[in-house]
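> One structure is given below, represented as structure tokens, and several questions about it will come after.
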Amino acid sequence: MSANGPQYDVRKQLRNPLKRARGLGSAQSGVGHWWTQRVTAAALVFLGIWFVVTVLGALHADYATARAMIAKPWNALLLVAFVLAMCWHAVLGLQVVIEDYVHTRWLEVSLLVLVKFIAVLGTLATLMAVLRVALGA
């Protein structure tokens with residue numbers, strides 16, 4: 001029995017031997033990552049349907065009509081939500097792939113930074129374009 005009581009001994013015995021050897025454990029962020037990916041996927045189902053319907057509606061429209069469709073407040077808001085959810089979902093999915101299959105540490109970190117940089121750049125460019133159209137600049 002240890003000085004901390006019998007409960008401490010039981011917890012120590014239930015650890016995985018590899019965890020005891022390495023001193024590593026859960027990063028405590030896997031469930032949050034998993035839920036975020038599922039929520040963005042569910043949002044993308046509905047936003048994707050809206051996006052396809054909107055694009056099909058503007059398929060044979062002229063430039064002014066298509067721009068007027070995007071300028072409507074609900075369409076602008078849903079387009080921004082679609083791009084945000086799509087980029088966030090893509091970053092989460094690519095992060096998992098990179099962490100699982102890239103085994104060189106410097107390359108893994110470089111790819112993760114590159115993916116996040118491209119996602120932020122694409123999101124900001126889209127936000128600027130939508131706001132420019134929606135606000136009539």
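Lettering and numbering for the structure tokens are positional, with chains as A, B, ... in the shown order, residues counted from 1 in each chain, and ligands counted from 1 in the shown order.
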Counting only C-alpha atoms, which residues of region 21-115 of chain A fall within 10 Å of region 121-133 of chain A, and what is the closest atom pair for each with its distance in Å at one decimal, ordered by chain and rising number, as a tab-separated table?

```
residue	atom	partner	partner_atom	distance
A:Arg67	CA	A:Val133	CA	6.8
A:Ala68	CA	A:Val133	CA	8.2
A:Met69	CA	A:Val133	CA	9.7
A:Ile70	CA	A:Val133	CA	7.0
A:Ala71	CA	A:Val133	CA	5.7
A:Lys72	CA	A:Val133	CA	9.4
A:Asn75	CA	A:Val130	CA	9.7
A:Ala76	CA	A:Val130	CA	6.4
A:Leu77	CA	A:Val130	CA	8.9
A:Leu79	CA	A:Val130	CA	7.8
A:Val80	CA	A:Leu127	CA	6.4
A:Ala81	CA	A:Leu127	CA	9.8
A:Val83	CA	A:Thr123	CA	6.5
A:Leu84	CA	A:Thr123	CA	6.5
A:Ala85	CA	A:Thr123	CA	9.8
A:Met86	CA	A:Thr123	CA	9.3
A:Cys87	CA	A:Thr123	CA	7.0
A:Trp88	CA	A:Thr123	CA	9.3
A:Val115	CA	A:Leu121	CA	9.9
```
> In Å, rounded to a single decimal, give me how far CA of Ala119 (chain A) is from CA of Trp106 (chain A).
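CA of Ala119 (chain A) lies at a distance of 20.0 Å from CA of Trp106 (chain A).
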> Would you work out the distance separating CA of Ser29 (chain A) from CA of Leu92 (chain A), expressed in Å to one decimal?
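That distance, rounded to one decimal, is 12.4 Å.
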> What's the separation between CA of Thr40 (chain A) and CA of Ile118 (chain A), in Å to one decimal place?
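Going from CA of Thr40 (chain A) over to CA of Ile118 (chain A), I get 18.3 Å.
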